[in-house]
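Asks: Dropping in target03.pdb, which is PDB, C-alpha atoms:
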```
ATOM      1  CA  MET O   1     108.917  86.317 105.118  1.00  0.00           C
ATOM      2  CA  PHE O   2     110.252  89.128 107.238  1.00  0.00           C
ATOM      3  CA  HIS O   3     113.669  88.334 108.703  1.00  0.00           C
ATOM      4  CA  THR O   4     113.307  90.852 111.518  1.00  0.00           C
ATOM      5  CA  SER O   5     111.990  89.888 114.939  1.00  0.00           C
ATOM      6  CA  LEU O   6     108.309  90.145 115.711  1.00  0.00           C
ATOM      7  CA  ARG O   7     108.978  92.876 118.239  1.00  0.00           C
ATOM      8  CA  ALA O   8     110.872  94.889 115.645  1.00  0.00           C
ATOM      9  CA  MET O   9     107.988  94.396 113.237  1.00  0.00           C
ATOM     10  CA  VAL O  10     105.309  95.703 115.546  1.00  0.00           C
ATOM     11  CA  ARG O  11     107.487  98.314 117.313  1.00  0.00           C
ATOM     12  CA  GLY O  12     105.472  98.268 120.506  1.00  0.00           C
ATOM     13  CA  SER O  13     101.786  98.592 121.192  1.00  0.00           C
ATOM     14  CA  CYS O  14     100.036 101.740 120.054  1.00  0.00           C
ATOM     15  CA  SER O  15      96.382 102.662 119.903  1.00  0.00           C
ATOM     16  CA  CYS O  16      97.090 105.447 117.420  1.00  0.00           C
ATOM     17  CA  THR O  17      97.290 105.109 113.650  1.00  0.00           C
ATOM     18  CA  LEU O  18     100.787 103.864 112.879  1.00  0.00           C
ATOM     19  CA  TYR O  19     100.641 104.021 109.101  1.00  0.00           C
ATOM     20  CA  THR O  20      98.884 106.347 106.685  1.00  0.00           C
ATOM     21  CA  LEU O  21      98.021 106.286 102.999  1.00  0.00           C
ATOM     22  CA  PRO O  22     100.626 108.390 101.169  1.00  0.00           C
ATOM     23  CA  LEU O  23      99.482 111.156  98.871  1.00  0.00           C
ATOM     24  CA  LEU O  24     100.219 110.631  95.196  1.00  0.00           C
ATOM     25  CA  PRO O  25     102.782 113.003  93.648  1.00  0.00           C
ATOM     26  CA  TYR O  26     100.381 113.549  90.708  1.00  0.00           C
ATOM     27  CA  SER O  27      96.653 113.561  90.018  1.00  0.00           C
ATOM     28  CA  TYR O  28      94.696 110.381  89.327  1.00  0.00           C
ATOM     29  CA  GLU O  29      94.412 111.218  85.638  1.00  0.00           C
ATOM     30  CA  ALA O  30      98.051 112.276  85.232  1.00  0.00           C
ATOM     31  CA  LEU O  31      99.265 108.895  83.977  1.00  0.00           C
ATOM     32  CA  GLU O  32      96.738 108.663  81.140  1.00  0.00           C
ATOM     33  CA  PRO O  33      96.655 107.177  78.583  1.00  0.00           C
ATOM     34  CA  VAL O  34      98.926 104.471  80.038  1.00  0.00           C
ATOM     35  CA  VAL O  35      96.876 104.063  83.224  1.00  0.00           C
ATOM     36  CA  ASN O  36      93.481 105.698  83.322  1.00  0.00           C
ATOM     37  CA  ARG O  37      91.939 107.727  86.126  1.00  0.00           C
ATOM     38  CA  GLU O  38      89.473 105.042  87.193  1.00  0.00           C
ATOM     39  CA  ILE O  39      92.210 102.477  87.767  1.00  0.00           C
ATOM     40  CA  MET O  40      94.440 104.918  89.609  1.00  0.00           C
ATOM     41  CA  GLU O  41      91.684 106.134  91.899  1.00  0.00           C
ATOM     42  CA  ILE O  42      90.510 102.627  92.796  1.00  0.00           C
ATOM     43  CA  HIS O  43      94.055 101.291  93.089  1.00  0.00           C
ATOM     44  CA  HIS O  44      95.210 104.062  95.423  1.00  0.00           C
ATOM     45  CA  SER O  45      92.139 105.067  97.423  1.00  0.00           C
ATOM     46  CA  LYS O  46      90.647 101.577  97.755  1.00  0.00           C
ATOM     47  CA  HIS O  47      93.277  98.861  97.418  1.00  0.00           C
ATOM     48  CA  HIS O  48      96.292 100.603  98.934  1.00  0.00           C
ATOM     49  CA  ASN O  49      94.096 102.153 101.600  1.00  0.00           C
ATOM     50  CA  THR O  50      92.821  98.700 102.554  1.00  0.00           C
ATOM     51  CA  TYR O  51      96.376  97.451 103.098  1.00  0.00           C
ATOM     52  CA  VAL O  52      97.058 100.433 105.372  1.00  0.00           C
ATOM     53  CA  THR O  53      93.821  99.954 107.321  1.00  0.00           C
ATOM     54  CA  ASN O  54      94.439  96.246 107.807  1.00  0.00           C
ATOM     55  CA  LEU O  55      98.067  96.832 108.749  1.00  0.00           C
ATOM     56  CA  ASN O  56      97.070  99.236 111.504  1.00  0.00           C
ATOM     57  CA  SER O  57      94.537  96.680 112.718  1.00  0.00           C
ATOM     58  CA  VAL O  58      96.913  93.728 112.846  1.00  0.00           C
ATOM     59  CA  VAL O  59      99.858  95.440 114.584  1.00  0.00           C
ATOM     60  CA  PRO O  60      98.345  95.474 118.113  1.00  0.00           C
ATOM     61  CA  LYS O  61      96.818  92.017 117.583  1.00  0.00           C
ATOM     62  CA  LEU O  62     100.204  90.587 116.677  1.00  0.00           C
ATOM     63  CA  GLU O  63     101.897  92.167 119.684  1.00  0.00           C
ATOM     64  CA  ALA O  64      99.184  90.910 122.009  1.00  0.00           C
ATOM     65  CA  ALA O  65      99.616  87.393 120.640  1.00  0.00           C
ATOM     66  CA  VAL O  66     103.378  87.615 121.178  1.00  0.00           C
ATOM     67  CA  GLU O  67     102.889  88.820 124.752  1.00  0.00           C
ATOM     68  CA  ALA O  68     100.421  85.996 125.386  1.00  0.00           C
ATOM     69  CA  LYS O  69     102.808  83.462 123.842  1.00  0.00           C
ATOM     70  CA  ASN O  70      99.934  82.246 121.648  1.00  0.00           C
ATOM     71  CA  ILE O  71     101.941  80.685 118.843  1.00  0.00           C
ATOM     72  CA  SER O  72      98.948  79.820 116.658  1.00  0.00           C
ATOM     73  CA  MET O  73      97.675  83.391 116.686  1.00  0.00           C
ATOM     74  CA  VAL O  74     101.197  84.761 116.229  1.00  0.00           C
ATOM     75  CA  MET O  75     101.482  82.740 113.026  1.00  0.00           C
ATOM     76  CA  THR O  76      98.063  83.889 111.843  1.00  0.00           C
ATOM     77  CA  TYR O  77      98.734  87.558 112.510  1.00  0.00           C
ATOM     78  CA  GLN O  78     102.249  87.322 111.126  1.00  0.00           C
ATOM     79  CA  ARG O  79     100.836  86.182 107.777  1.00  0.00           C
ATOM     80  CA  ASP O  80      98.403  89.099 107.867  1.00  0.00           C
ATOM     81  CA  MET O  81     101.258  91.419 108.772  1.00  0.00           C
ATOM     82  CA  VAL O  82     103.425  90.281 105.866  1.00  0.00           C
ATOM     83  CA  PHE O  83     100.590  90.600 103.366  1.00  0.00           C
ATOM     84  CA  ASN O  84      99.341  94.029 104.425  1.00  0.00           C
ATOM     85  CA  ALA O  85     102.723  95.532 105.287  1.00  0.00           C
ATOM     86  CA  GLY O  86     104.010  94.235 101.968  1.00  0.00           C
ATOM     87  CA  GLY O  87     101.078  95.808 100.163  1.00  0.00           C
ATOM     88  CA  HIS O  88     101.790  99.131 101.830  1.00  0.00           C
ATOM     89  CA  ILE O  89     105.540  98.978 101.164  1.00  0.00           C
ATOM     90  CA  ASN O  90     105.176  97.862  97.552  1.00  0.00           C
ATOM     91  CA  HIS O  91     102.572 100.437  96.590  1.00  0.00           C
ATOM     92  CA  SER O  92     104.402 103.277  98.338  1.00  0.00           C
ATOM     93  CA  ILE O  93     107.358 102.523  96.068  1.00  0.00           C
ATOM     94  CA  PHE O  94     105.186 101.949  92.995  1.00  0.00           C
ATOM     95  CA  TRP O  95     103.549 105.392  93.053  1.00  0.00           C
ATOM     96  CA  GLN O  96     106.954 107.081  93.206  1.00  0.00           C
ATOM     97  CA  ASN O  97     108.289 104.820  90.443  1.00  0.00           C
ATOM     98  CA  LEU O  98     105.765 106.325  88.020  1.00  0.00           C
ATOM     99  CA  SER O  99     105.553 109.823  86.579  1.00  0.00           C
ATOM    100  CA  PRO O 100     103.616 111.608  83.827  1.00  0.00           C
ATOM    101  CA  ASN O 101     107.040 112.849  82.711  1.00  0.00           C
ATOM    102  CA  GLY O 102     108.614 109.400  82.785  1.00  0.00           C
ATOM    103  CA  GLY O 103     109.744 106.983  80.137  1.00  0.00           C
ATOM    104  CA  GLY O 104     112.879 106.768  78.081  1.00  0.00           C
ATOM    105  CA  ALA O 105     116.024 105.207  79.491  1.00  0.00           C
ATOM    106  CA  PRO O 106     118.125 105.999  82.572  1.00  0.00           C
ATOM    107  CA  SER O 107     121.472 107.740  82.341  1.00  0.00           C
ATOM    108  CA  GLY O 108     124.331 108.254  84.773  1.00  0.00           C
ATOM    109  CA  VAL O 109     125.476 105.560  87.186  1.00  0.00           C
ATOM    110  CA  LEU O 110     122.183 103.669  86.970  1.00  0.00           C
ATOM    111  CA  GLY O 111     122.259 103.573  83.192  1.00  0.00           C
ATOM    112  CA  ASP O 112     125.859 102.382  83.301  1.00  0.00           C
ATOM    113  CA  ALA O 113     125.017  99.697  85.858  1.00  0.00           C
ATOM    114  CA  ILE O 114     122.099  98.411  83.791  1.00  0.00           C
ATOM    115  CA  THR O 115     124.290  98.182  80.689  1.00  0.00           C
ATOM    116  CA  SER O 116     127.055  96.451  82.656  1.00  0.00           C
ATOM    117  CA  THR O 117     124.666  93.918  84.215  1.00  0.00           C
ATOM    118  CA  PHE O 118     122.296  93.198  81.334  1.00  0.00           C
ATOM    119  CA  SER O 119     124.459  94.140  78.298  1.00  0.00           C
ATOM    120  CA  SER O 120     122.020  96.847  77.209  1.00  0.00           C
ATOM    121  CA  PHE O 121     118.948  98.726  78.384  1.00  0.00           C
ATOM    122  CA  ASP O 122     116.818  96.972  75.771  1.00  0.00           C
ATOM    123  CA  LYS O 123     117.895  93.542  77.058  1.00  0.00           C
ATOM    124  CA  PHE O 124     117.178  94.609  80.634  1.00  0.00           C
ATOM    125  CA  LYS O 125     113.743  95.870  79.648  1.00  0.00           C
ATOM    126  CA  ALA O 126     112.974  92.650  77.784  1.00  0.00           C
ATOM    127  CA  GLU O 127     114.142  90.452  80.666  1.00  0.00           C
ATOM    128  CA  LEU O 128     112.213  92.308  83.353  1.00  0.00           C
ATOM    129  CA  SER O 129     109.124  92.488  81.149  1.00  0.00           C
ATOM    130  CA  ALA O 130     109.193  88.735  80.482  1.00  0.00           C
ATOM    131  CA  LEU O 131     109.748  87.956  84.160  1.00  0.00           C
ATOM    132  CA  THR O 132     106.879  90.236  85.197  1.00  0.00           C
ATOM    133  CA  VAL O 133     104.428  88.989  82.581  1.00  0.00           C
ATOM    134  CA  GLY O 134     105.266  85.454  83.698  1.00  0.00           C
ATOM    135  CA  VAL O 135     104.256  85.988  87.333  1.00  0.00           C
ATOM    136  CA  GLN O 136     101.697  83.299  88.109  1.00  0.00           C
ATOM    137  CA  GLY O 137      98.544  84.766  89.585  1.00  0.00           C
ATOM    138  CA  SER O 138      99.175  88.033  91.401  1.00  0.00           C
ATOM    139  CA  GLY O 139     102.517  89.569  92.237  1.00  0.00           C
ATOM    140  CA  TRP O 140     105.282  91.937  91.234  1.00  0.00           C
ATOM    141  CA  GLY O 141     108.298  92.157  88.960  1.00  0.00           C
ATOM    142  CA  TRP O 142     111.275  94.023  90.412  1.00  0.00           C
ATOM    143  CA  LEU O 143     114.600  95.623  89.658  1.00  0.00           C
ATOM    144  CA  GLY O 144     116.634  95.575  92.843  1.00  0.00           C
ATOM    145  CA  VAL O 145     120.171  95.992  94.069  1.00  0.00           C
ATOM    146  CA  ASP O 146     122.186  93.824  96.421  1.00  0.00           C
ATOM    147  CA  PRO O 147     123.156  96.132  99.313  1.00  0.00           C
ATOM    148  CA  THR O 148     126.448  94.287  99.856  1.00  0.00           C
ATOM    149  CA  THR O 149     127.766  93.755  96.333  1.00  0.00           C
ATOM    150  CA  LYS O 150     125.893  96.759  94.846  1.00  0.00           C
ATOM    151  CA  ARG O 151     124.987  94.619  91.862  1.00  0.00           C
ATOM    152  CA  LEU O 152     121.641  94.944  90.113  1.00  0.00           C
ATOM    153  CA  ALA O 153     119.283  91.994  89.750  1.00  0.00           C
ATOM    154  CA  ILE O 154     115.724  91.321  88.668  1.00  0.00           C
ATOM    155  CA  ALA O 155     113.285  89.224  90.672  1.00  0.00           C
ATOM    156  CA  LYS O 156     109.613  88.433  91.025  1.00  0.00           C
ATOM    157  CA  CYS O 157     107.579  88.176  94.204  1.00  0.00           C
ATOM    158  CA  ALA O 158     104.219  86.526  94.709  1.00  0.00           C
ATOM    159  CA  ASN O 159     101.209  88.357  96.085  1.00  0.00           C
ATOM    160  CA  GLN O 160     102.401  91.283  98.237  1.00  0.00           C
ATOM    161  CA  ASP O 161     105.647  89.727  99.454  1.00  0.00           C
ATOM    162  CA  PRO O 162     108.076  92.656  99.800  1.00  0.00           C
ATOM    163  CA  LEU O 163     111.325  92.393  97.873  1.00  0.00           C
ATOM    164  CA  LEU O 164     113.910  93.123 100.579  1.00  0.00           C
ATOM    165  CA  PRO O 165     112.742  90.627 103.221  1.00  0.00           C
ATOM    166  CA  THR O 166     112.003  88.041 100.530  1.00  0.00           C
ATOM    167  CA  THR O 167     115.180  88.206  98.427  1.00  0.00           C
ATOM    168  CA  GLY O 168     117.629  90.512 100.211  1.00  0.00           C
ATOM    169  CA  LEU O 169     117.492  92.977  97.315  1.00  0.00           C
ATOM    170  CA  VAL O 170     116.744  96.643  97.928  1.00  0.00           C
ATOM    171  CA  PRO O 171     113.797  97.571  95.669  1.00  0.00           C
ATOM    172  CA  LEU O 172     114.401 100.142  92.944  1.00  0.00           C
ATOM    173  CA  LEU O 173     111.608  99.592  90.409  1.00  0.00           C
ATOM    174  CA  GLY O 174     108.456  97.558  90.907  1.00  0.00           C
ATOM    175  CA  ILE O 175     105.802  96.605  88.370  1.00  0.00           C
ATOM    176  CA  ASP O 176     102.476  95.629  89.895  1.00  0.00           C
ATOM    177  CA  VAL O 177     100.722  92.824  88.015  1.00  0.00           C
ATOM    178  CA  TRP O 178      97.797  92.270  90.317  1.00  0.00           C
ATOM    179  CA  GLU O 179      94.764  92.477  88.037  1.00  0.00           C
ATOM    180  CA  HIS O 180      93.414  95.512  89.869  1.00  0.00           C
ATOM    181  CA  ALA O 181      96.415  97.429  88.501  1.00  0.00           C
ATOM    182  CA  TYR O 182      95.355  97.036  84.881  1.00  0.00           C
ATOM    183  CA  TYR O 183      92.274  94.888  84.224  1.00  0.00           C
ATOM    184  CA  LEU O 184      89.710  97.684  83.789  1.00  0.00           C
ATOM    185  CA  GLN O 185      91.803  99.069  80.946  1.00  0.00           C
ATOM    186  CA  TYR O 186      93.807  96.169  79.521  1.00  0.00           C
ATOM    187  CA  LYS O 187      91.450  93.287  80.399  1.00  0.00           C
ATOM    188  CA  ASN O 188      93.458  90.038  80.519  1.00  0.00           C
ATOM    189  CA  VAL O 189      96.236  91.277  78.205  1.00  0.00           C
ATOM    190  CA  ARG O 190      98.947  91.643  80.831  1.00  0.00           C
ATOM    191  CA  PRO O 191     101.799  91.870  78.261  1.00  0.00           C
ATOM    192  CA  GLN O 192     100.263  95.016  76.765  1.00  0.00           C
ATOM    193  CA  TYR O 193     100.043  96.675  80.180  1.00  0.00           C
ATOM    194  CA  VAL O 194     103.645  95.785  81.024  1.00  0.00           C
ATOM    195  CA  ALA O 195     104.843  97.061  77.644  1.00  0.00           C
ATOM    196  CA  LYS O 196     103.066 100.390  78.108  1.00  0.00           C
ATOM    197  CA  ILE O 197     104.106 101.037  81.693  1.00  0.00           C
ATOM    198  CA  TRP O 198     107.678 101.701  80.569  1.00  0.00           C
ATOM    199  CA  ASP O 199     106.368 104.963  79.080  1.00  0.00           C
ATOM    200  CA  ILE O 200     105.733 106.330  82.591  1.00  0.00           C
ATOM    201  CA  VAL O 201     108.663 104.873  84.544  1.00  0.00           C
ATOM    202  CA  ASN O 202     110.222 107.577  86.719  1.00  0.00           C
ATOM    203  CA  TRP O 203     113.944 107.007  86.238  1.00  0.00           C
ATOM    204  CA  LYS O 204     114.793 109.992  88.412  1.00  0.00           C
ATOM    205  CA  ASP O 205     113.223 108.285  91.423  1.00  0.00           C
ATOM    206  CA  ILE O 206     114.872 104.953  90.627  1.00  0.00           C
ATOM    207  CA  GLN O 207     118.251 106.632  90.192  1.00  0.00           C
ATOM    208  CA  GLN O 208     117.898 108.269  93.611  1.00  0.00           C
ATOM    209  CA  ARG O 209     117.086 104.940  95.224  1.00  0.00           C
ATOM    210  CA  TYR O 210     120.109 103.331  93.562  1.00  0.00           C
ATOM    211  CA  GLU O 211     122.465 106.120  94.579  1.00  0.00           C
ATOM    212  CA  ALA O 212     121.220 105.882  98.172  1.00  0.00           C
ATOM    213  CA  VAL O 213     122.269 102.225  98.266  1.00  0.00           C
ATOM    214  CA  LEU O 214     125.659 103.046  96.753  1.00  0.00           C
ATOM    215  CA  ARG O 215     126.274 105.533  99.572  1.00  0.00           C
ATOM    216  CA  GLN O 216     125.635 102.938 102.264  1.00  0.00           C
TER     217      GLN O 216
END
```
What does this structure look like when you write it as structure tokens?
Replies:
Amino acid sequence: MFHTSLRAMVRGSCSCTLYTLPLLPYSYEALEPVVNREIMEIHHSKHHNTYVTNLNSVVPKLEAAVEAKNISMVMTYQRDMVFNAGGHINHSIFWQNLSPNGGGAPSGVLGDAITSTFSSFDKFKAELSALTVGVQGSGWGWLGVDPTTKRLAIAKCANQDPLLPTTGLVPLLGIDVWEHAYYLQYKNVRPQYVAKIWDIVNWKDIQQRYEAVLRQ
């Protein structure tokens, strides 16, 4: 759950649109053959857009419930807030984590940190893949970094629970294993999808996220 206060979460009442669907940095077909156009278009324009729409709807409802001191409705809207805000946060990272020019292995400080933490890139890849494939139901596999110790760690989150509020790790790389992310192409063979997604991982983006944490 979010560790911030409810007032910080909702940031005041507002009748305007607070959140918007981000544009993709590539076309819907750009990640083929790993992820086909149909999946990308539905995933982005339908699923992610629904999280954004629902998030904008629940923000004023949650604030009104807080103002009215209606604890039951606060709890209801807080659950909706976590789910839809998490969906928006997670997907906004996910799109940037992928690139038609991705794949390979990271270099520089991130590559060194992965080797130091997991012994080798191959072992890291195997560990995160196994963790992600093993998510029960829907959820995400993550590479994150502890903002205090600066150490890397892998984790999994259920549903749309966002990594930072759930584990304290700053998200670097997320792998979405909700079925809508792969089922139309890979059916129920989640391991095949997870194995292939490494071919489009955008290490430049992940490196930038890691370096930003190191500068804090």
Asks: Identify which of the residues O:Asn202, O:Gln208, O:Gln185, O:Asn70 lies closest to O:Val35, counting all atoms listed in the file when measuring atom-to-atom distances.
Replies: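 The closest residue to O:Val35 is O:Gln185.
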Asks: Could you write out as a PDB file with C-alpha atoms, in the frame of the given file the residues that the PyMOL selection byres ((chain O and resi 142) around 9) matches in the shown file?
Replies:
```
ATOM      1  CA  LEU O 128     112.213  92.308  83.353  1.00  0.00           C
ATOM      2  CA  LEU O 131     109.748  87.956  84.160  1.00  0.00           C
ATOM      3  CA  THR O 132     106.879  90.236  85.197  1.00  0.00           C
ATOM      4  CA  TRP O 140     105.282  91.937  91.234  1.00  0.00           C
ATOM      5  CA  GLY O 141     108.298  92.157  88.960  1.00  0.00           C
ATOM      6  CA  LEU O 143     114.600  95.623  89.658  1.00  0.00           C
ATOM      7  CA  GLY O 144     116.634  95.575  92.843  1.00  0.00           C
ATOM      8  CA  ALA O 153     119.283  91.994  89.750  1.00  0.00           C
ATOM      9  CA  ILE O 154     115.724  91.321  88.668  1.00  0.00           C
ATOM     10  CA  ALA O 155     113.285  89.224  90.672  1.00  0.00           C
ATOM     11  CA  LYS O 156     109.613  88.433  91.025  1.00  0.00           C
ATOM     12  CA  CYS O 157     107.579  88.176  94.204  1.00  0.00           C
ATOM     13  CA  LEU O 163     111.325  92.393  97.873  1.00  0.00           C
ATOM     14  CA  PRO O 171     113.797  97.571  95.669  1.00  0.00           C
ATOM     15  CA  LEU O 172     114.401 100.142  92.944  1.00  0.00           C
ATOM     16  CA  LEU O 173     111.608  99.592  90.409  1.00  0.00           C
ATOM     17  CA  GLY O 174     108.456  97.558  90.907  1.00  0.00           C
ATOM     18  CA  ILE O 175     105.802  96.605  88.370  1.00  0.00           C
ATOM     19  CA  ASP O 176     102.476  95.629  89.895  1.00  0.00           C
TER      20      ASP O 176
END
```
Asks: Tell me which protein, DNA and RNA residues are within 10 Å of O:Gln207, counting only C-alpha atoms, leaving out same-chain ones fewer than 4 positions away, and put them as a compact mmCIF listing (two decimals) with C-alpha atoms, in the coordinates of the input.
Replies:
```txt
# COMPACT_ATOMS: atom_id res chain seq x y z
CA PRO O 106 118.12 106.00 82.57
CA SER O 107 121.47 107.74 82.34
CA GLY O 108 124.33 108.25 84.77
CA VAL O 109 125.48 105.56 87.19
CA LEU O 110 122.18 103.67 86.97
CA GLY O 111 122.26 103.57 83.19
CA LEU O 172 114.40 100.14 92.94
CA LEU O 173 111.61 99.59 90.41
CA ASN O 202 110.22 107.58 86.72
CA TRP O 203 113.94 107.01 86.24
CA GLU O 211 122.46 106.12 94.58
CA ALA O 212 121.22 105.88 98.17
```
Asks: Step by step: start from the point (101.5, 114.2, 84.4) in the file's coordinates, keep every protein, DNA or RNA residue that has an atom no farther than 10 Å from it, count all atoms listed in the file, and write the set as a list in words.
Replies: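 The residues near that point, listed by chain and number, are Pro25, Tyr26, Ser27, Tyr28, Glu29, Ala30, Leu31, Glu32, Leu98, Ser99, Pro100, Asn101, Gly102 and Ile200 of chain O.
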Asks: Give me, please, the distance in Å between atom CA of O:Asn36 and atom CA of O:Ala181, quoted to one decimal.
Replies: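 Taking atom CA of O:Asn36 as the start and atom CA of O:Ala181 as the end point, the length is 10.2 Å.
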Asks: Would you give the centre and edge lengths, in Å to one decimal, of a box along x, y and z around the listed atoms of stretch 57-65 of chain O, with 6 Å added to each side, as AutoDock Vina command-line options?
Replies:
```
--center_x 98.2 --center_y 92.0 --center_z 117.4 --size_x 19.4 --size_y 21.3 --size_z 21.3
```
Asks: Just checking: using only C-alpha atoms, which residue out of O:Pro191, O:Gly87, O:Pro22, O:Pro162 ends up closest to O:Ser45?
Replies: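 Using only C-alpha atoms, O:Ser45 sits closest to O:Pro22.
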Asks: Leaving out stretch 74-76 of chain O and any residue of its chain fewer than 3 positions from it, which residues lie within 10 Å of it when counting all atoms listed in the file, given as a PyMOL selection string?
Replies: chain O and resi 6+58+61-71+79-81
Asks: Print the selection's residues with C-alpha atoms to a file, as a compact mmCIF listing (two decimals), in the frame of the given file.
Replies:
```txt
# COMPACT_ATOMS: atom_id res chain seq x y z
CA LEU O 6 108.31 90.14 115.71
CA VAL O 58 96.91 93.73 112.85
CA LYS O 61 96.82 92.02 117.58
CA LEU O 62 100.20 90.59 116.68
CA GLU O 63 101.90 92.17 119.68
CA ALA O 64 99.18 90.91 122.01
CA ALA O 65 99.62 87.39 120.64
CA VAL O 66 103.38 87.62 121.18
CA GLU O 67 102.89 88.82 124.75
CA ALA O 68 100.42 86.00 125.39
CA LYS O 69 102.81 83.46 123.84
CA ASN O 70 99.93 82.25 121.65
CA ILE O 71 101.94 80.68 118.84
CA ARG O 79 100.84 86.18 107.78
CA ASP O 80 98.40 89.10 107.87
CA MET O 81 101.26 91.42 108.77
```
Asks: Can you measure atom CA of O:Gly86 to atom CA of O:Arg151 for me? One decimal in Å is fine.
Replies: 23.3 Å
Asks: Under the rule that all atoms listed in the file are counted, which of O:Ala113, O:Met40, O:Val34, O:Leu18 is the nearest residue to O:Thr53?
Replies: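 Ranked by minimum distance to O:Thr53, first place goes to O:Leu18.
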Asks: Could you name the residues that touch O:Gly104 at 8 Å or less, counting all atoms listed in the file, but leaving out those on the same chain fewer than 4 positions away, as a compact mmCIF listing (two decimals) with C-alpha atoms, keeping the file's coordinate frame?
Replies:
```
# COMPACT_ATOMS: atom_id res chain seq x y z
CA TRP O 198 107.68 101.70 80.57
CA ASP O 199 106.37 104.96 79.08
CA VAL O 201 108.66 104.87 84.54
```
Asks: Give me, please, the distance in Å between atom CA of O:Tyr183 and atom CA of O:Tyr51, quoted to one decimal.
Replies: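 So the answer is 19.5 Å.
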